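Printed here is entry-v6.pdb (PDB, N, CA and C atoms and all ligand atoms):
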ATOM      1  N   MET V   6     -15.853 101.878 123.521
ATOM      2  CA  MET V   6     -14.625 101.342 124.125
ATOM      3  C   MET V   6     -14.974 100.348 125.214
ATOM      4  N   TRP V   7     -14.256  99.276 125.254
ATOM      5  CA  TRP V   7     -14.453  98.349 126.357
ATOM      6  C   TRP V   7     -13.106  97.762 126.749
ATOM      7  N   ILE V   8     -13.090  97.197 127.937
ATOM      8  CA  ILE V   8     -11.829  96.672 128.476
ATOM      9  C   ILE V   8     -11.997  95.189 128.785
ATOM     10  N   SER V   9     -11.011  94.414 128.396
ATOM     11  CA  SER V   9     -11.044  92.995 128.710
ATOM     12  C   SER V   9      -9.698  92.595 129.293
ATOM     13  N   GLU V  10      -9.630  91.383 129.769
ATOM     14  CA  GLU V  10      -8.363  90.882 130.279
ATOM     15  C   GLU V  10      -7.369  90.801 129.124
ATOM     16  N   CYS V  11      -6.166  91.234 129.389
ATOM     17  CA  CYS V  11      -5.155  91.243 128.329
ATOM     18  C   CYS V  11      -4.884  89.823 127.827
ATOM     19  N   GLU V  12      -4.974  89.664 126.515
ATOM     20  CA  GLU V  12      -4.749  88.336 125.938
ATOM     21  C   GLU V  12      -3.305  87.885 126.104
ATOM     22  N   MET V  13      -2.384  88.836 125.976
ATOM     23  CA  MET V  13      -0.974  88.474 125.958
ATOM     24  C   MET V  13      -0.488  87.964 127.307
ATOM     25  N   CYS V  14      -0.956  88.587 128.374
ATOM     26  CA  CYS V  14      -0.445  88.222 129.703
ATOM     27  C   CYS V  14      -1.520  87.592 130.577
ATOM     28  N   SER V  15      -2.710  87.392 130.019
ATOM     29  CA  SER V  15      -3.820  86.817 130.773
ATOM     30  C   SER V  15      -4.134  87.633 132.017
ATOM     31  N   GLY V  16      -3.894  88.936 131.945
ATOM     32  CA  GLY V  16      -4.264  89.822 133.045
ATOM     33  C   GLY V  16      -3.210  89.974 134.127
ATOM     34  N   SER V  17      -2.062  89.310 133.964
ATOM     35  CA  SER V  17      -1.039  89.396 135.005
ATOM     36  C   SER V  17      -0.244  90.697 134.908
ATOM     37  N   GLY V  18      -0.182  91.293 133.709
ATOM     38  CA  GLY V  18       0.578  92.519 133.522
ATOM     39  C   GLY V  18       2.054  92.258 133.298
ATOM     40  N   ALA V  19       2.464  91.010 133.373
ATOM     41  CA  ALA V  19       3.868  90.667 133.171
ATOM     42  C   ALA V  19       4.097  90.234 131.732
ATOM     43  N   CYS V  20       5.234  90.622 131.179
ATOM     44  CA  CYS V  20       5.565  90.237 129.813
ATOM     45  C   CYS V  20       5.544  88.715 129.675
ATOM     46  N   ASP V  21       4.853  88.233 128.651
ATOM     47  CA  ASP V  21       4.701  86.784 128.514
ATOM     48  C   ASP V  21       5.977  86.067 128.095
ATOM     49  N   PRO V  22       6.685  86.548 127.038
ATOM     50  CA  PRO V  22       7.882  85.821 126.590
ATOM     51  C   PRO V  22       8.944  85.666 127.687
ATOM     52  N   CYS V  23       9.084  86.680 128.541
ATOM     53  CA  CYS V  23      10.131  86.611 129.573
ATOM     54  C   CYS V  23       9.528  86.421 130.954
ATOM     55  N   GLN V  24       8.213  86.272 131.011
ATOM     56  CA  GLN V  24       7.508  86.036 132.268
ATOM     57  C   GLN V  24       7.763  87.128 133.300
ATOM     58  N   GLY V  25       8.002  88.346 132.795
ATOM     59  CA  GLY V  25       8.145  89.480 133.692
ATOM     60  C   GLY V  25       9.568  89.733 134.164
ATOM     61  N   TYR V  26      10.515  88.900 133.730
ATOM     62  CA  TYR V  26      11.891  89.074 134.190
ATOM     63  C   TYR V  26      12.665  90.101 133.357
ATOM     64  N   GLY V  27      12.193  90.355 132.135
ATOM     65  CA  GLY V  27      12.889  91.309 131.276
ATOM     66  C   GLY V  27      14.014  90.677 130.480
ATOM     67  N   VAL V  28      14.345  89.462 130.805
ATOM     68  CA  VAL V  28      15.363  88.733 130.046
ATOM     69  C   VAL V  28      14.806  87.363 129.673
ATOM     70  N   LEU V  29      15.282  86.852 128.578
ATOM     71  CA  LEU V  29      14.838  85.526 128.164
ATOM     72  C   LEU V  29      15.626  84.456 128.912
ATOM     73  N   SER V  30      15.242  83.229 128.699
ATOM     74  CA  SER V  30      15.818  82.127 129.473
ATOM     75  C   SER V  30      17.341  82.067 129.360
ATOM     76  N   ASP V  31      17.992  81.811 130.468
ATOM     77  CA  ASP V  31      19.440  81.605 130.464
ATOM     78  C   ASP V  31      19.779  80.291 129.763
ATOM     79  N   SER V  32      21.008  80.150 129.368
ATOM     80  CA  SER V  32      21.419  78.920 128.691
ATOM     81  C   SER V  32      21.346  77.734 129.666
ATOM     82  N   TYR V  33      21.535  78.046 130.949
ATOM     83  CA  TYR V  33      21.267  77.047 131.987
ATOM     84  C   TYR V  33      20.799  77.809 133.225
ATOM     85  N   PRO V  34      20.106  77.170 134.131
ATOM     86  CA  PRO V  34      19.507  77.892 135.275
ATOM     87  C   PRO V  34      20.525  78.747 136.027
ATOM     88  N   ASN V  35      20.143  80.018 136.277
ATOM     89  CA  ASN V  35      20.963  80.967 137.032
ATOM     90  C   ASN V  35      22.265  81.358 136.337
ATOM     91  N   ALA V  36      22.357  81.091 135.029
ATOM     92  CA  ALA V  36      23.572  81.459 134.307
ATOM     93  C   ALA V  36      23.675  82.981 134.189
ATOM     94  N   GLY V  37      22.510  83.652 134.127
ATOM     95  CA  GLY V  37      22.539  85.102 134.028
ATOM     96  C   GLY V  37      22.942  85.608 132.663
ATOM     97  N   ASP V  38      22.894  84.751 131.667
ATOM     98  CA  ASP V  38      23.317  85.176 130.337
ATOM     99  C   ASP V  38      22.148  85.302 129.357
ATOM    100  N   GLY V  39      20.936  85.319 129.893
ATOM    101  CA  GLY V  39      19.781  85.446 129.008
ATOM    102  C   GLY V  39      19.757  86.807 128.350
ATOM    103  N   PRO V  40      19.407  86.869 127.062
ATOM    104  CA  PRO V  40      19.347  88.155 126.354
ATOM    105  C   PRO V  40      18.134  88.963 126.791
ATOM    106  N   ASP V  41      18.261  90.298 126.672
ATOM    107  CA  ASP V  41      17.116  91.146 126.975
ATOM    108  C   ASP V  41      15.927  90.742 126.113
ATOM    109  N   CYS V  42      14.755  90.837 126.719
ATOM    110  CA  CYS V  42      13.545  90.463 126.002
ATOM    111  C   CYS V  42      13.178  91.546 124.979
ATOM    112  N   ASP V  43      12.998  91.132 123.757
ATOM    113  CA  ASP V  43      12.635  92.088 122.710
ATOM    114  C   ASP V  43      11.221  92.624 122.898
ATOM    115  N   ALA V  44      10.350  91.766 123.377
ATOM    116  CA  ALA V  44       8.934  92.134 123.457
ATOM    117  C   ALA V  44       8.709  93.310 124.400
ATOM    118  N   CYS V  45       9.450  93.363 125.503
ATOM    119  CA  CYS V  45       9.208  94.397 126.506
ATOM    120  C   CYS V  45      10.398  95.324 126.671
ATOM    121  N   ASP V  46      11.431  95.157 125.826
ATOM    122  CA  ASP V  46      12.637  95.982 125.932
ATOM    123  C   ASP V  46      13.320  95.817 127.280
ATOM    124  N   GLY V  47      13.155  94.666 127.870
ATOM    125  CA  GLY V  47      13.839  94.393 129.128
ATOM    126  C   GLY V  47      13.150  94.936 130.357
ATOM    127  N   THR V  48      11.972  95.489 130.192
ATOM    128  CA  THR V  48      11.278  96.048 131.355
ATOM    129  C   THR V  48      10.519  94.982 132.139
ATOM    130  N   GLY V  49      10.157  93.889 131.467
ATOM    131  CA  GLY V  49       9.385  92.852 132.140
ATOM    132  C   GLY V  49       7.903  93.161 132.191
ATOM    133  N   THR V  50       7.535  94.300 131.619
ATOM    134  CA  THR V  50       6.133  94.703 131.623
ATOM    135  C   THR V  50       5.467  94.298 130.315
ATOM    136  N   CYS V  51       4.277  93.789 130.411
ATOM    137  CA  CYS V  51       3.560  93.372 129.204
ATOM    138  C   CYS V  51       3.407  94.555 128.257
ATOM    139  N   PRO V  52       3.931  94.458 127.028
ATOM    140  CA  PRO V  52       3.859  95.575 126.084
ATOM    141  C   PRO V  52       2.449  95.789 125.542
ATOM    142  N   ASN V  53       1.615  94.802 125.689
ATOM    143  CA  ASN V  53       0.262  94.906 125.130
ATOM    144  C   ASN V  53      -0.653  95.741 126.017
ATOM    145  N   CYS V  54      -0.425  95.715 127.328
ATOM    146  CA  CYS V  54      -1.325  96.414 128.244
ATOM    147  C   CYS V  54      -0.550  97.346 129.164
ATOM    148  N   ALA V  55       0.749  97.491 128.934
ATOM    149  CA  ALA V  55       1.603  98.355 129.754
ATOM    150  C   ALA V  55       1.570  97.958 131.229
ATOM    151  N   GLY V  56       1.337  96.678 131.476
ATOM    152  CA  GLY V  56       1.410  96.182 132.839
ATOM    153  C   GLY V  56       0.126  96.302 133.633
ATOM    154  N   THR V  57      -0.928  96.814 133.001
ATOM    155  CA  THR V  57      -2.181  96.973 133.738
ATOM    156  C   THR V  57      -2.981  95.676 133.799
ATOM    157  N   GLY V  58      -2.724  94.772 132.842
ATOM    158  CA  GLY V  58      -3.508  93.540 132.793
ATOM    159  C   GLY V  58      -4.820  93.722 132.063
ATOM    160  N   ASP V  59      -5.110  94.955 131.691
ATOM    161  CA  ASP V  59      -6.344  95.238 130.964
ATOM    162  C   ASP V  59      -6.028  95.555 129.508
ATOM    163  N   GLU V  60      -6.798  95.001 128.626
ATOM    164  CA  GLU V  60      -6.640  95.330 127.221
ATOM    165  C   GLU V  60      -7.773  96.264 126.824
ATOM    166  N   ILE V  61      -7.413  97.455 126.381
ATOM    167  CA  ILE V  61      -8.418  98.455 126.041
ATOM    168  C   ILE V  61      -8.749  98.363 124.561
ATOM    169  N   HIS V  62     -10.014  98.187 124.287
ATOM    170  CA  HIS V  62     -10.470  98.106 122.896
ATOM    171  C   HIS V  62     -11.174  99.410 122.540
ATOM    172  N   ASP V  63     -10.688 100.026 121.502
ATOM    173  CA  ASP V  63     -11.309 101.271 121.066
ATOM    174  C   ASP V  63     -12.100 100.987 119.799
ATOM    175  N   ASN V  64     -13.411 101.006 119.895
ATOM    176  CA  ASN V  64     -14.235 100.662 118.736
ATOM    177  C   ASN V  64     -14.733 101.894 118.000
ATOM    178  N   SER V  65     -14.037 103.015 118.200
ATOM    179  CA  SER V  65     -14.476 104.251 117.558
ATOM    180  C   SER V  65     -14.370 104.143 116.045
ATOM    181  N   THR V  66     -13.559 103.204 115.546
ATOM    182  CA  THR V  66     -13.371 103.090 114.102
ATOM    183  C   THR V  66     -14.487 102.287 113.443
ATOM    184  N   THR V  67     -15.425 101.749 114.234
ATOM    185  CA  THR V  67     -16.485 100.936 113.638
ATOM    186  C   THR V  67     -17.535 101.794 112.944
ATOM    187  N   ASN V  68     -17.468 103.115 113.180
ATOM    188  CA  ASN V  68     -18.456 103.999 112.578
ATOM    189  C   ASN V  68     -17.884 104.748 111.371
ATOM    190  N   VAL V  69     -16.873 104.187 110.736
ATOM    191  CA  VAL V  69     -16.238 104.869 109.618
ATOM    192  C   VAL V  69     -17.196 105.048 108.441
ATOM    193  N   ASN V  70     -18.248 104.247 108.385
ATOM    194  CA  ASN V  70     -19.191 104.385 107.269
ATOM    195  C   ASN V  70     -20.227 105.473 107.543
ATOM    196  N   GLY V  71     -20.136 106.127 108.693
ATOM    197  CA  GLY V  71     -21.037 107.229 108.995
ATOM    198  C   GLY V  71     -22.347 106.802 109.582
ATOM    199  N   CYS V  72     -22.537 105.518 109.733
ATOM    200  CA  CYS V  72     -23.795 105.031 110.301
ATOM    201  C   CYS V  72     -23.735 105.136 111.820
ATOM    202  N   ALA V  73     -24.669 105.861 112.398
ATOM    203  CA  ALA V  73     -24.654 106.077 113.833
ATOM    204  C   ALA V  73     -25.446 105.008 114.577
ATOM    205  N   VAL V  74     -26.131 104.150 113.864
ATOM    206  CA  VAL V  74     -26.933 103.102 114.498
ATOM    207  C   VAL V  74     -26.003 101.984 114.976
ATOM    208  N   SER V  75     -26.199 101.527 116.193
ATOM    209  CA  SER V  75     -25.347 100.476 116.710
ATOM    210  C   SER V  75     -25.597  99.183 115.954
ATOM    211  N   ASP V  76     -24.584  98.305 115.983
ATOM    212  CA  ASP V  76     -24.736  97.025 115.289
ATOM    213  C   ASP V  76     -25.955  96.265 115.791
ATOM    214  N   GLU V  77     -26.169  96.313 117.074
ATOM    215  CA  GLU V  77     -27.268  95.548 117.657
ATOM    216  C   GLU V  77     -28.611  96.032 117.118
ATOM    217  N   ALA V  78     -28.801  97.350 117.095
ATOM    218  CA  ALA V  78     -30.055  97.917 116.605
ATOM    219  C   ALA V  78     -30.227  97.609 115.122
ATOM    220  N   GLY V  79     -29.117  97.617 114.385
ATOM    221  CA  GLY V  79     -29.186  97.332 112.965
ATOM    222  C   GLY V  79     -29.667  95.917 112.703
ATOM    223  N   TRP V  80     -29.118  94.987 113.493
ATOM    224  CA  TRP V  80     -29.518  93.603 113.313
ATOM    225  C   TRP V  80     -31.012  93.423 113.616
ATOM    226  N   LYS V  81     -31.483  94.092 114.680
ATOM    227  CA  LYS V  81     -32.888  93.939 115.067
ATOM    228  C   LYS V  81     -33.789  94.490 113.959
ATOM    229  N   ALA V  82     -33.385  95.611 113.344
ATOM    230  CA  ALA V  82     -34.215  96.234 112.330
ATOM    231  C   ALA V  82     -34.323  95.368 111.083
ATOM    232  N   SER V  83     -33.256  94.608 110.788
ATOM    233  CA  SER V  83     -33.258  93.848 109.554
ATOM    234  C   SER V  83     -33.834  92.444 109.745
ATOM    235  N   ALA V  84     -34.068  92.084 111.001
ATOM    236  CA  ALA V  84     -34.554  90.725 111.269
ATOM    237  C   ALA V  84     -36.042  90.606 110.980
TER     238      ALA V  84
HETATM  239 ZN    ZN E   1      -0.849  92.334 129.158
HETATM  240 ZN    ZN E   2       9.668  90.564 128.113
END

Please lay out the structure from this file as structure tokens.
Ligand SMILES: [Zn+2]
Ligand SMILES: [Zn+2]
Amino acid sequence: MWISECEMCSGSGACDPCQGYGVLSDSYPNAGDGPDCDACDGTGTCPNCAGTGDEIHDNSTTNVNGCAVSDEAGWKASA
């Protein structure tokens, strides 16, 4: 497992489509008629990282073939 900066929000933790406001753009500035953001359900929090700004990668599925040798060691052995 490793953690990187969230791609969706670039680490800000704010929902990208609505820029953290929870609503999409108004029809004109300050109109207040913007629809709720679908991506974050109106919370304004990045749905990809839950607002942490970190994207957690779980690579536990890379060993589905049962091979316990890391990719790096495998490459070195075959070189
Ligand atoms: Zn994010
Ligand atoms: Zn949003």

Applying the PyMOL selection byres (((chain V and resi 21-34) around 8) and not hetatm) to the file I just gave you, which residues come out? Please list them as a PyMOL selection string. chain V and resi 13-15+18-20+35-53

I'd like the interatomic distance between atom CA of Ser17 of chain V and atom CA of His62 of chain V, to a tenth of an Å.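 According to the coordinates, atom CA of Ser17 of chain V and atom CA of His62 of chain V are separated by 17.6 Å.
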
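Pairwise distance (atom C of Gly56 of chain V, atom N of Met6 of chain V) equals 19.7 Å.
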
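Atom C of Ser9 of chain V sits 19.5 Å away from atom ZN of ligand ZN 2 (chain E).
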
Enclosing box along x, y and z for every listed atom of segment 16-34 of chain V, padded 6 Å each side, centre and size in Å, one decimal, as JSON:
{"center_x": 8.6, "center_y": 84.8, "center_z": 131.3, "size_x": 37.8, "size_y": 27.5, "size_z": 21.4}
